[in-house]
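Chemist: Sharing coords.txt here; it has compact mmCIF, C-alpha atoms.
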# COMPACT_ATOMS: atom_id res chain seq x y z
CA MET L 1 -62.34 -12.75 -48.91
CA ASN L 2 -64.44 -9.73 -49.71
CA LEU L 3 -64.48 -8.66 -46.08
CA LEU L 4 -60.70 -8.75 -45.95
CA ALA L 5 -60.43 -6.72 -49.13
CA LEU L 6 -62.93 -4.25 -47.71
CA ILE L 7 -60.95 -3.83 -44.49
CA GLY L 8 -57.75 -3.40 -46.47
CA ALA L 9 -59.28 -0.80 -48.76
CA ARG L 10 -60.76 1.16 -45.86
CA SER L 11 -57.44 1.12 -44.00
CA ILE L 12 -55.59 2.43 -47.00
CA VAL L 13 -58.14 5.21 -47.42
CA ALA L 14 -57.83 6.08 -43.74
CA LEU L 15 -54.03 6.15 -43.98
CA ARG L 16 -54.19 8.44 -47.00
CA ASN L 17 -56.54 10.76 -45.14
CA TRP L 18 -54.15 10.90 -42.21
CA GLY L 19 -51.28 11.69 -44.53
CA HIS L 20 -53.28 14.35 -46.33
CA ALA L 21 -54.26 15.93 -43.03
CA THR L 22 -50.65 15.94 -41.84
CA LEU L 23 -49.47 17.62 -45.03
CA PHE L 24 -52.26 20.18 -44.67
CA PHE L 25 -51.12 20.84 -41.12
CA ILE L 26 -47.56 21.39 -42.26
CA GLU L 27 -48.75 23.82 -44.94
CA LEU L 28 -50.71 25.74 -42.31
CA MET L 29 -47.68 25.88 -40.04
CA LYS L 30 -45.62 27.30 -42.91
CA ALA L 31 -48.24 30.01 -43.39
CA LEU L 32 -48.29 31.05 -39.72
CA PRO L 33 -45.54 33.72 -39.92
CA ALA L 34 -47.34 35.43 -42.79
CA ALA L 35 -50.54 35.47 -40.74
CA LEU L 36 -48.74 36.90 -37.72
CA ARG L 37 -47.61 39.83 -39.86
CA ARG L 38 -51.26 40.85 -40.27
CA PRO L 39 -52.45 41.03 -36.67
CA MET L 40 -55.82 42.52 -37.58
CA LEU L 41 -56.80 39.27 -39.27
CA VAL L 42 -55.93 37.27 -36.18
CA ILE L 43 -57.73 39.71 -33.90
CA THR L 44 -60.87 39.48 -36.04
CA GLN L 45 -60.75 35.72 -35.76
CA VAL L 46 -60.21 35.77 -32.00
CA HIS L 47 -63.33 37.92 -31.83
CA ALA L 48 -65.32 35.58 -34.05
CA ILE L 49 -64.14 32.43 -32.30
CA GLY L 50 -63.55 33.53 -28.72
CA ASN L 51 -65.87 36.39 -27.95
CA ARG L 52 -68.81 34.76 -29.70
CA SER L 53 -68.34 31.57 -27.65
CA LEU L 54 -68.31 33.43 -24.33
CA VAL L 55 -72.01 33.09 -23.64
CA ILE L 56 -72.16 29.32 -23.98
CA ILE L 57 -68.90 28.77 -22.14
CA LEU L 58 -69.86 30.98 -19.19
CA ALA L 59 -73.39 29.58 -18.96
CA SER L 60 -72.16 25.98 -19.14
CA GLY L 61 -69.41 26.70 -16.63
CA MET L 62 -71.86 28.09 -14.15
CA ALA L 63 -74.26 25.18 -14.63
CA VAL L 64 -71.46 22.62 -14.27
CA GLY L 65 -70.31 24.36 -11.09
CA PHE L 66 -73.81 24.27 -9.61
CA VAL L 67 -74.33 20.59 -10.42
CA LEU L 68 -70.86 19.54 -9.26
CA ALA L 69 -71.39 21.29 -5.94
CA LEU L 70 -74.66 19.48 -5.32
CA GLN L 71 -73.41 16.06 -6.35
CA MET L 72 -70.03 16.27 -4.61
CA TYR L 73 -71.64 17.50 -1.41
CA TYR L 74 -73.82 14.43 -1.13
CA ALA L 75 -70.88 12.21 -2.02
CA LEU L 76 -68.59 13.75 0.62
CA VAL L 77 -71.00 14.01 3.57
CA PRO L 78 -70.82 10.28 4.56
CA TYR L 79 -67.05 10.66 5.01
CA GLY L 80 -67.34 13.87 6.99
CA ALA L 81 -65.34 15.62 4.28
CA ALA L 82 -67.95 18.15 3.20
CA ASP L 83 -65.53 21.01 3.90
CA SER L 84 -63.27 19.75 1.10
CA LEU L 85 -65.98 20.51 -1.45
CA GLY L 86 -64.05 23.47 -2.82
CA LEU L 87 -60.90 21.44 -3.29
CA VAL L 88 -62.65 18.59 -5.07
CA ILE L 89 -64.45 20.92 -7.46
CA ASN L 90 -61.38 23.05 -8.10
CA LEU L 91 -59.23 20.06 -9.02
CA SER L 92 -61.94 18.45 -11.15
CA LEU L 93 -62.50 21.66 -13.09
CA VAL L 94 -58.96 22.94 -13.44
CA ARG L 95 -57.36 19.61 -14.28
CA GLU L 96 -60.02 17.90 -16.38
CA LEU L 97 -63.47 19.34 -16.90
CA GLY L 98 -62.37 22.85 -17.75
CA PRO L 99 -60.16 21.94 -20.71
CA VAL L 100 -62.23 18.98 -21.93
CA VAL L 101 -65.76 20.38 -21.68
CA THR L 102 -64.63 23.71 -23.08
CA ALA L 103 -63.02 21.86 -25.99
CA LEU L 104 -66.20 19.89 -26.68
CA LEU L 105 -68.34 23.04 -26.56
CA PHE L 106 -65.75 24.86 -28.64
CA ALA L 107 -65.85 22.11 -31.27
CA GLY L 108 -69.61 22.32 -31.32
CA ARG L 109 -69.88 26.07 -31.56
CA ALA L 110 -66.72 27.49 -33.08
CA GLY L 111 -65.61 24.35 -34.90
CA THR L 112 -68.83 23.95 -36.83
CA SER L 113 -68.93 27.63 -37.72
CA LEU L 114 -65.35 27.45 -39.01
CA THR L 115 -66.08 24.32 -41.02
CA ALA L 116 -69.20 25.78 -42.56
CA GLU L 117 -67.44 29.05 -43.36
CA ILE L 118 -64.44 27.41 -45.04
CA GLY L 119 -66.64 24.85 -46.74
CA LEU L 120 -68.87 27.52 -48.25
CA MET L 121 -65.81 29.54 -49.29
CA LYS L 122 -64.52 26.48 -51.09
CA ALA L 123 -67.93 25.73 -52.56
CA GLY L 124 -68.22 29.30 -53.81
CA GLU L 125 -64.72 29.02 -55.25
CA GLN L 126 -63.52 31.99 -53.21
CA LEU L 127 -60.32 30.17 -52.25
CA SER L 128 -59.49 29.36 -55.86
CA ALA L 129 -60.21 32.99 -56.83
CA MET L 130 -57.78 34.13 -54.16
CA GLU L 131 -55.11 31.84 -55.52
CA LEU L 132 -55.65 33.20 -58.99
CA MET L 133 -55.03 36.70 -57.63
CA ALA L 134 -51.72 35.46 -56.15
CA ILE L 135 -53.06 35.77 -52.60
CA ASP L 136 -52.18 32.75 -50.52
CA PRO L 137 -55.51 31.62 -49.00
CA ARG L 138 -53.66 29.69 -46.33
CA ALA L 139 -51.99 32.82 -45.01
CA ARG L 140 -54.99 35.10 -45.42
CA VAL L 141 -57.87 32.83 -44.49
CA LEU L 142 -56.81 29.59 -42.83
CA ALA L 143 -53.79 30.42 -40.67
CA PRO L 144 -55.45 33.41 -38.90
CA ARG L 145 -58.31 31.11 -37.93
CA LEU L 146 -55.89 28.54 -36.57
CA LEU L 147 -54.09 31.21 -34.55
CA GLY L 148 -57.39 32.62 -33.33
CA GLY L 149 -58.50 29.22 -32.09
CA MET L 150 -55.14 28.48 -30.46
CA PHE L 151 -55.31 31.80 -28.65
CA ALA L 152 -58.96 31.72 -27.62
CA MET L 153 -59.18 28.17 -26.25
CA PRO L 154 -56.99 28.53 -23.15
CA ILE L 155 -58.75 31.76 -22.21
CA LEU L 156 -62.15 30.08 -22.58
CA ALA L 157 -61.01 27.09 -20.49
CA ILE L 158 -59.76 29.35 -17.69
CA LEU L 159 -63.04 31.27 -17.72
CA PHE L 160 -64.98 28.00 -17.59
CA SER L 161 -63.01 26.76 -14.58
CA THR L 162 -63.24 30.08 -12.75
CA ILE L 163 -66.94 30.53 -13.19
CA GLY L 164 -67.46 26.87 -12.28
CA ILE L 165 -65.66 27.37 -8.98
CA LEU L 166 -67.65 30.55 -8.32
CA GLY L 167 -70.89 28.73 -9.13
CA ALA L 168 -69.91 25.93 -6.78
CA TRP L 169 -69.15 28.54 -4.12
CA ALA L 170 -72.58 30.07 -4.61
CA VAL L 171 -74.33 26.71 -4.21
CA GLY L 172 -72.03 25.19 -1.59
CA VAL L 173 -71.56 28.16 0.70
CA GLY L 174 -74.61 30.21 -0.19
CA LEU L 175 -77.26 27.56 -0.64
CA ILE L 176 -76.08 24.48 1.28
CA GLY L 177 -74.19 26.37 3.97
CA ILE L 178 -70.76 24.77 4.26
CA ASP L 179 -67.98 26.80 5.80
CA ALA L 180 -66.82 29.63 3.54
CA GLY L 181 -63.38 29.91 5.09
CA SER L 182 -62.40 26.29 4.62
CA PHE L 183 -63.92 26.30 1.13
CA TRP L 184 -61.16 28.66 -0.03
CA SER L 185 -58.36 27.84 2.42
CA ILE L 186 -58.23 24.13 1.57
CA GLN L 187 -58.00 25.05 -2.09
CA GLN L 188 -55.22 27.51 -1.35
CA SER L 189 -53.19 24.90 0.45
CA ARG L 190 -53.67 21.97 -1.89
CA VAL L 191 -53.97 23.33 -5.43
CA ASP L 192 -50.61 23.93 -7.09
CA LEU L 193 -50.26 26.78 -9.57
CA VAL L 194 -47.88 25.00 -11.93
CA ARG L 195 -48.90 21.39 -11.58
CA ASP L 196 -52.65 21.83 -11.67
CA ILE L 197 -53.52 25.17 -13.28
CA GLY L 198 -50.47 25.18 -15.54
CA ASN L 199 -51.09 21.66 -16.80
CA GLY L 200 -54.73 22.55 -17.38
CA ILE L 201 -53.67 25.49 -19.55
CA VAL L 202 -51.27 23.28 -21.52
CA LYS L 203 -54.09 20.80 -22.09
CA SER L 204 -56.47 23.48 -23.31
CA ALA L 205 -53.84 24.88 -25.69
CA VAL L 206 -53.37 21.40 -27.21
CA PHE L 207 -57.13 20.93 -27.48
CA GLY L 208 -57.44 24.34 -29.12
CA VAL L 209 -55.00 23.33 -31.83
CA ILE L 210 -56.77 20.00 -32.32
CA CYS L 211 -60.31 21.40 -32.54
CA THR L 212 -59.44 24.33 -34.79
CA PHE L 213 -57.29 22.24 -37.09
CA VAL L 214 -59.93 19.52 -37.47
CA ALA L 215 -62.53 22.18 -38.24
CA LEU L 216 -60.35 23.85 -40.86
CA TYR L 217 -59.38 20.55 -42.46
CA GLN L 218 -62.94 19.26 -42.69
CA GLY L 219 -64.05 22.56 -44.15
CA HIS L 220 -61.25 22.53 -46.69
CA GLU L 221 -61.84 18.94 -47.77
CA THR L 222 -65.60 19.13 -48.00
CA GLN L 223 -67.44 18.44 -51.19
CA ALA L 224 -68.76 21.63 -52.76
CA THR L 225 -72.43 20.80 -52.14
CA PRO L 226 -74.88 21.65 -49.35
CA GLU L 227 -74.94 18.02 -48.22
CA GLY L 228 -71.16 18.02 -48.29
CA VAL L 229 -70.95 21.01 -45.98
CA ALA L 230 -73.54 19.52 -43.60
CA TYR L 231 -71.66 16.23 -43.55
CA ALA L 232 -68.39 18.07 -42.91
CA THR L 233 -69.76 19.93 -39.89
CA THR L 234 -70.90 16.71 -38.23
CA ARG L 235 -67.54 15.11 -38.97
CA THR L 236 -65.82 18.10 -37.35
CA VAL L 237 -67.72 17.64 -34.11
CA VAL L 238 -67.23 13.87 -34.03
CA PHE L 239 -63.52 13.90 -34.89
CA SER L 240 -62.72 16.82 -32.61
CA SER L 241 -64.51 15.21 -29.69
CA LEU L 242 -62.81 11.84 -30.18
CA ALA L 243 -59.40 13.43 -30.64
CA VAL L 244 -59.85 15.65 -27.57
CA LEU L 245 -60.91 12.74 -25.36
CA GLY L 246 -58.11 10.52 -26.61
CA MET L 247 -55.51 13.26 -26.21
CA ASP L 248 -56.90 14.01 -22.74
CA PHE L 249 -56.18 10.47 -21.65
CA ILE L 250 -52.61 10.64 -22.96
CA LEU L 251 -51.94 14.06 -21.45
CA THR L 252 -53.45 13.10 -18.09
CA ALA L 253 -51.31 9.97 -17.98
CA LEU L 254 -48.22 12.06 -18.76
CA MET L 255 -48.97 14.89 -16.38
CA PHE L 256 -50.75 13.42 -13.42
CA SER L 257 -49.70 9.81 -13.07
CA THR L 258 -47.01 10.42 -10.44
CA PRO L 259 -48.38 11.88 -7.19
CA MET U 1 -68.74 46.42 -35.86
CA GLY U 2 -65.86 48.61 -36.90
CA LYS U 3 -62.21 47.78 -36.57
CA LYS U 4 -61.84 49.65 -33.27
CA GLY U 5 -64.90 47.92 -31.86
CA ILE U 6 -63.51 44.49 -32.64
CA GLU U 7 -60.13 45.33 -31.14
CA ALA U 8 -61.82 46.59 -27.98
CA MET U 9 -63.92 43.46 -27.64
CA VAL U 10 -60.94 41.18 -28.09
CA GLY U 11 -58.98 43.24 -25.58
CA LEU U 12 -61.83 42.85 -23.11
CA PHE U 13 -61.89 39.11 -23.75
CA VAL U 14 -58.18 38.76 -23.05
CA LEU U 15 -58.49 40.98 -19.97
CA LEU U 16 -61.30 38.79 -18.66
CA GLY U 17 -59.10 35.74 -19.14
CA VAL U 18 -56.18 37.32 -17.31
CA VAL U 19 -58.40 38.41 -14.41
CA ALA U 20 -59.83 34.89 -14.16
CA LEU U 21 -56.34 33.42 -14.17
CA LEU U 22 -55.20 35.83 -11.45
CA PHE U 23 -58.26 35.00 -9.38
CA LEU U 24 -57.57 31.29 -9.71
CA ALA U 25 -53.90 31.71 -8.92
CA LEU U 26 -54.36 33.91 -5.85
CA LYS U 27 -57.61 32.69 -4.34
CA ALA U 28 -57.74 29.07 -5.37
CA ALA U 29 -54.12 27.97 -5.55
CA ASN U 30 -50.94 28.30 -3.56
CA LEU U 31 -49.52 31.39 -5.25
CA ALA U 32 -49.57 33.28 -1.96
CA ASN U 33 -47.05 30.81 -0.56
CA PHE U 34 -45.05 30.76 -3.74
CA GLY U 35 -42.38 33.32 -3.03
CA LYS U 36 -38.88 31.92 -2.83
CA ARG U 37 -37.96 32.51 0.79
CA ASP U 38 -34.49 31.90 2.12
CA THR U 39 -34.23 28.31 3.24
CA TYR U 40 -31.61 25.97 4.56
CA THR U 41 -31.47 22.23 4.14
CA VAL U 42 -31.20 19.56 6.82
CA SER U 43 -31.72 15.84 6.58
CA ALA U 44 -33.15 13.19 8.87
CA ARG U 45 -33.04 9.39 8.88
CA PHE U 46 -36.05 7.25 9.66
CA ASP U 47 -36.55 3.49 9.94
CA ASN U 48 -39.95 3.84 8.35
CA ILE U 49 -41.29 6.98 6.71
CA GLY U 50 -44.80 5.61 6.44
CA GLY U 51 -46.88 7.62 3.96
CA LEU U 52 -44.71 10.73 3.93
CA LYS U 53 -44.58 12.38 0.52
CA VAL U 54 -42.34 14.99 -1.07
CA ARG U 55 -43.68 18.52 -0.46
CA ALA U 56 -45.22 17.44 2.85
CA PRO U 57 -45.07 20.23 5.40
CA VAL U 58 -42.64 20.42 8.31
CA ARG U 59 -44.40 21.80 11.37
CA SER U 60 -43.23 22.89 14.78
CA ALA U 61 -45.91 23.56 17.39
CA GLY U 62 -48.37 23.22 14.52
CA VAL U 63 -46.87 26.10 12.52
CA SER U 64 -45.54 25.30 9.06
CA VAL U 65 -41.79 25.99 9.01
CA GLY U 66 -40.63 24.16 5.91
CA ARG U 67 -41.18 21.41 3.34
CA VAL U 68 -39.91 17.94 2.58
CA THR U 69 -37.90 18.14 -0.62
CA ARG U 70 -36.47 14.70 -1.13
CA ILE U 71 -37.01 11.14 0.10
CA ALA U 72 -34.43 8.47 -0.63
CA LEU U 73 -33.23 5.13 0.68
CA ASP U 74 -29.71 4.91 2.06
CA PRO U 75 -28.22 1.86 0.31
CA LYS U 76 -25.83 1.12 3.19
CA THR U 77 -27.99 1.42 6.30
CA TYR U 78 -31.36 0.81 4.53
CA GLN U 79 -32.84 3.75 6.36
CA GLY U 80 -35.06 6.33 4.75
CA VAL U 81 -33.24 9.65 4.27
CA VAL U 82 -35.59 12.64 4.22
CA THR U 83 -34.26 16.04 3.11
CA LEU U 84 -36.07 19.04 4.63
CA GLU U 85 -35.96 22.68 3.61
CA LEU U 86 -36.53 24.94 6.58
CA ASP U 87 -37.37 28.64 6.49
CA SER U 88 -34.27 30.67 7.41
CA HIS U 89 -36.33 32.70 9.87
CA TYR U 90 -36.61 29.67 12.13
CA VAL U 91 -33.58 28.10 13.81
CA PHE U 92 -33.69 24.92 15.82
CA PRO U 93 -31.24 23.54 18.40
CA LYS U 94 -28.92 20.75 17.32
CA ASP U 95 -30.73 18.18 19.45
CA SER U 96 -34.21 18.82 18.10
CA SER U 97 -36.22 15.71 17.29
CA ALA U 98 -38.22 14.92 14.18
CA LYS U 99 -41.33 12.74 14.25
CA ILE U 100 -43.62 11.63 11.46
CA LEU U 101 -47.15 12.54 12.48
CA THR U 102 -50.54 12.33 10.82
CA SER U 103 -52.86 15.32 10.52
CA GLY U 104 -56.16 14.23 11.98
CA LEU U 105 -56.84 10.53 12.00
CA LEU U 106 -56.59 9.60 8.33
CA GLY U 107 -55.00 12.69 6.88
CA ASP U 108 -51.70 13.38 5.19
CA GLN U 109 -48.47 12.78 7.06
CA TYR U 110 -46.12 15.57 7.98
CA ILE U 111 -42.90 15.97 9.95
CA GLY U 112 -43.19 17.46 13.44
CA LEU U 113 -40.08 19.18 14.77
CA GLU U 114 -39.70 19.46 18.51
CA PRO U 115 -36.95 21.79 19.68
CA GLY U 116 -34.33 20.46 22.02
CA GLY U 117 -32.20 22.39 24.50
CA ASP U 118 -28.80 22.63 22.82
CA GLU U 119 -27.14 26.04 22.58
CA LYS U 120 -25.94 25.47 19.05
CA ASN U 121 -28.43 25.53 16.19
CA PHE U 122 -28.70 23.56 12.98
CA ALA U 123 -26.49 24.68 10.13
CA ALA U 124 -27.22 23.90 6.50
CA GLY U 125 -26.53 20.26 5.72
CA ASP U 126 -26.82 18.99 9.29
CA VAL U 127 -28.43 15.66 10.11
CA ILE U 128 -31.22 15.44 12.68
CA ARG U 129 -30.16 12.74 15.14
CA GLN U 130 -33.32 12.12 17.17
CA THR U 131 -36.01 10.75 14.94
CA GLN U 132 -39.15 8.73 15.44
CA SER U 133 -40.54 6.72 12.59
CA ALA U 134 -44.11 6.69 11.41
CA VAL U 135 -46.66 4.55 13.15
CA VAL U 136 -47.46 1.55 11.00
CA LEU U 137 -50.98 0.36 11.63
CA GLU U 138 -50.24 -3.31 10.95
CA ASN U 139 -47.46 -3.40 13.57
CA LEU U 140 -49.78 -1.82 16.12
CA ILE U 141 -52.48 -4.39 15.41
CA SER U 142 -50.11 -7.35 15.65
CA GLN U 143 -48.67 -5.97 18.93
CA PHE U 144 -52.19 -5.67 20.28
CA LEU U 145 -53.13 -9.20 19.20
CA PHE U 146 -49.96 -10.72 20.65
CA SER U 147 -50.46 -8.95 23.94
CA LYS U 148 -54.06 -10.14 24.07
CA ALA U 149 -52.97 -13.72 23.30
CA ALA U 150 -50.27 -13.51 26.00
CA ASP U 151 -52.85 -12.25 28.54
CA ALA U 152 -55.24 -15.07 27.65
CA GLY U 153 -52.42 -17.65 27.91
CA ALA U 154 -51.26 -16.27 31.27
CA GLY U 155 -54.87 -16.21 32.54
CA ALA U 156 -55.52 -19.84 31.52
CA GLY U 157 -52.19 -20.95 33.00
CA ALA U 158 -52.97 -19.13 36.28
CA GLN U 159 -56.40 -20.81 36.46
CA GLU U 160 -54.97 -24.30 35.95
CA GLY U 161 -52.00 -23.70 38.25
CA PRO U 162 -53.58 -23.83 41.69
CA LYS U 163 -55.49 -27.06 40.85
What do you get writing this file as structure tokens?

Modeler:
Amino acid sequence: MNLLALIGARSIVALRNWGHATLFFIELMKALPAALRRPMLVITQVHAIGNRSLVIILASGMAVGFVLALQMYYALVPYGAADSLGLVINLSLVRELGPVVTALLFAGRAGTSLTAEIGLMKAGEQLSAMELMAIDPRARVLAPRLLGGMFAMPILAILFSTIGILGAWAVGVGLIGIDAGSFWSIQQSRVDLVRDIGNGIVKSAVFGVICTFVALYQGHETQATPEGVAYATTRTVVFSSLAVLGMDFILTALMFSTP
Amino acid sequence: MGKKGIEAMVGLFVLLGVVALLFLALKAANLANFGKRDTYTVSARFDNIGGLKVRAPVRSAGVSVGRVTRIALDPKTYQGVVTLELDSHYVFPKDSSAKILTSGLLGDQYIGLEPGGDEKNFAAGDVIRQTQSAVVLENLISQFLFSKAADAGAGAGAQEGPK
């Protein structure tokens, strides 16, 4: 009996959290026009979220490209398809790994920094002080961060995919010695701009909204203590990652299920 | 960093993204073949289209001259109806034949157009009369097995005959 009551109580709490998060999202959406009227705020956030993440995204992209090239080469050689290395890596990166891995890294780097920042603002009562001064904290603080994340994520995902392909080129053509011409020409004939690259950009835009929103929400709802902020940052990473992976499955099924 | 510095860095960031996107689009995707060229549509009927897919190339003498745009089943004759878009630069005689061929041994299937000798050329909406369906591996194998069985039967009969 107690177990049943426990499950019921936990479900109700989870439902209330979902509802609270949805209402928070709607409030943020309502504050977006006000944030757009102050572009400097958004630009500052794009710098803090996007530019600061460049190093980890580019380094990871290059490393993923190197490793993919090595692994895919040894997988393709038994079928005599080593020349298709470029195509395989391009499609893996542009369709899946680019958006997803960038989102996971983004949640880890930018998401945690957003959560900590908002959490400490709340803990230091800065948000309440703003409200007392009749400044809407959602328009001045939260919505610019959401816009910054939405804007920066697709750019980061594209950079990840591009540098991954270049890294794979360096290892595949430079190190292993497969044919440079067919490396690029097979990609040019088989990769579609709208279906593959376009869908990848749509995915990364959705992931950007998810990661940034989860980070802002966890920061806003954190308890005003150091442990609360620490707990909130780990929850950001866990929830963002799960949401991104789940959404990736749904989006892939929608976009790529028909050949 | 001052306000101008931040704006410059963000501008650089966006520029980097656009350059990366252009690189992907031009060097690693089919943007170069993207331009809408003038095309005209013809259709062809096949008994079996095999593994032909939409957007498969149409080639003549190995050169890509068009794309497959639609594959449907005719409900009356139960034949596969394939709609092709051919580049307007290339005209083919009315008695050209269309075959479904495979690139390499296990590759994708495409339509090969062989020109005929008619004076008149295809107009938009024409139907290609001479077609050859795709090779279905299972039919080939069963033909081979039957012919082998027939040879063995004939050989055994011939051996027993003169006894």

Chemist: Identify every residue of chain L that has at least one atom within 8 Å of any atom of chain U, counting only C-alpha atoms, and report the result as a PDB file with C-alpha atoms, in the coordinates of the input.

Modeler:
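Listed below is the output, out-v1.pdb:
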ATOM      1  CA  ILE L  43     -57.730  39.710 -33.900  1.00  0.00           C
ATOM      2  CA  THR L  44     -60.870  39.480 -36.040  1.00  0.00           C
ATOM      3  CA  VAL L  46     -60.210  35.770 -32.000  1.00  0.00           C
ATOM      4  CA  HIS L  47     -63.330  37.920 -31.830  1.00  0.00           C
ATOM      5  CA  GLY L  50     -63.550  33.530 -28.720  1.00  0.00           C
ATOM      6  CA  ASN L  51     -65.870  36.390 -27.950  1.00  0.00           C
ATOM      7  CA  ASN L  90     -61.380  23.050  -8.100  1.00  0.00           C
ATOM      8  CA  ILE L 155     -58.750  31.760 -22.210  1.00  0.00           C
ATOM      9  CA  LEU L 156     -62.150  30.080 -22.580  1.00  0.00           C
ATOM     10  CA  ILE L 158     -59.760  29.350 -17.690  1.00  0.00           C
ATOM     11  CA  LEU L 159     -63.040  31.270 -17.720  1.00  0.00           C
ATOM     12  CA  THR L 162     -63.240  30.080 -12.750  1.00  0.00           C
ATOM     13  CA  TRP L 184     -61.160  28.660  -0.030  1.00  0.00           C
ATOM     14  CA  SER L 185     -58.360  27.840   2.420  1.00  0.00           C
ATOM     15  CA  GLN L 187     -58.000  25.050  -2.090  1.00  0.00           C
ATOM     16  CA  GLN L 188     -55.220  27.510  -1.350  1.00  0.00           C
ATOM     17  CA  SER L 189     -53.190  24.900   0.450  1.00  0.00           C
ATOM     18  CA  ARG L 190     -53.670  21.970  -1.890  1.00  0.00           C
ATOM     19  CA  VAL L 191     -53.970  23.330  -5.430  1.00  0.00           C
ATOM     20  CA  ASP L 192     -50.610  23.930  -7.090  1.00  0.00           C
ATOM     21  CA  LEU L 193     -50.260  26.780  -9.570  1.00  0.00           C
ATOM     22  CA  ILE L 197     -53.520  25.170 -13.280  1.00  0.00           C
TER      23      ILE L 197
END

Chemist: Neighbours of Ala243 in chain L within 9 Å (all atoms listed in the file; same-chain residues fewer than 6 positions away dropped), as a ChimeraX atom specification?

Modeler: /L:207,210-211

Chemist: As an exercise, work out the distance from CA of Gly149 in chain L to CA of Gln45 in chain L in Å and give it to one decimal place.

Modeler: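 Those two atoms sit 7.8 Å apart.
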
Chemist: Write out as a VMD selection string the residues lying within 12 Å of Arg55 in chain U, counting only C-alpha atoms and excluding same-chain residues fewer than 2 positions away.

Modeler: (chain L and resid 189 to 190 192 259) or (chain U and resid 52 to 53 57 to 58 64 66 to 71 82 to 86 108 to 111)

Chemist: Quick check, in Å to one decimal: how far apart do CA of Phe46 in chain U and CA of Gly80 in chain U lie?

Modeler: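 Computing it gives 5.1 Å between the two atoms.
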
Chemist: I'd like the neighbourhood of Ile176 in chain L as a ChimeraX atom specification, where a residue qualifies if any of its atoms comes within 12 Å (using all atoms listed in the file), though same-chain residues fewer than 2 positions away should be ignored.

Modeler: /L:66,69-74,77,82-83,85,168-174,178-180

Chemist: May I have the selected residues written with C-alpha atoms, as a PDB file, keeping the file's coordinate frame?

Modeler:
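File selection_15.pdb, as written:
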ATOM      1  CA  PHE L  66     -73.810  24.270  -9.610  1.00  0.00           C
ATOM      2  CA  ALA L  69     -71.390  21.290  -5.940  1.00  0.00           C
ATOM      3  CA  LEU L  70     -74.660  19.480  -5.320  1.00  0.00           C
ATOM      4  CA  GLN L  71     -73.410  16.060  -6.350  1.00  0.00           C
ATOM      5  CA  MET L  72     -70.030  16.270  -4.610  1.00  0.00           C
ATOM      6  CA  TYR L  73     -71.640  17.500  -1.410  1.00  0.00           C
ATOM      7  CA  TYR L  74     -73.820  14.430  -1.130  1.00  0.00           C
ATOM      8  CA  VAL L  77     -71.000  14.010   3.570  1.00  0.00           C
ATOM      9  CA  ALA L  82     -67.950  18.150   3.200  1.00  0.00           C
ATOM     10  CA  ASP L  83     -65.530  21.010   3.900  1.00  0.00           C
ATOM     11  CA  LEU L  85     -65.980  20.510  -1.450  1.00  0.00           C
ATOM     12  CA  ALA L 168     -69.910  25.930  -6.780  1.00  0.00           C
ATOM     13  CA  TRP L 169     -69.150  28.540  -4.120  1.00  0.00           C
ATOM     14  CA  ALA L 170     -72.580  30.070  -4.610  1.00  0.00           C
ATOM     15  CA  VAL L 171     -74.330  26.710  -4.210  1.00  0.00           C
ATOM     16  CA  GLY L 172     -72.030  25.190  -1.590  1.00  0.00           C
ATOM     17  CA  VAL L 173     -71.560  28.160   0.700  1.00  0.00           C
ATOM     18  CA  GLY L 174     -74.610  30.210  -0.190  1.00  0.00           C
ATOM     19  CA  ILE L 178     -70.760  24.770   4.260  1.00  0.00           C
ATOM     20  CA  ASP L 179     -67.980  26.800   5.800  1.00  0.00           C
ATOM     21  CA  ALA L 180     -66.820  29.630   3.540  1.00  0.00           C
TER      22      ALA L 180
END

Chemist: Listing only residues of range 10-71 of chain U within 12 Å of range 133-145 of chain U, what is the closest atom pair and its distance in Å (to one decimal) for each, using all atoms listed in the file, sorted by chain and residue number ascending, as a tab-separated table?

Modeler:
residue	atom	partner	partner_atom	distance
U:Ala44	CA	U:Ser133	CA	10.5
U:Arg45	CA	U:Ser133	CA	8.8
U:Phe46	CA	U:Ser133	CA	5.4
U:Asp47	CA	U:Ser133	CA	5.8
U:Asn48	CA	U:Ser133	CA	5.2
U:Ile49	CA	U:Ala134	CA	5.5
U:Gly50	CA	U:Ala134	CA	5.1
U:Gly51	CA	U:Ala134	CA	8.0
U:Leu52	CA	U:Ala134	CA	8.5

Chemist: CA of Lys99 in chain U and CA of Tyr40 in chain U are how many Å apart?

Modeler: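 Between CA of Lys99 in chain U and CA of Tyr40 in chain U the gap works out to 19.1 Å.
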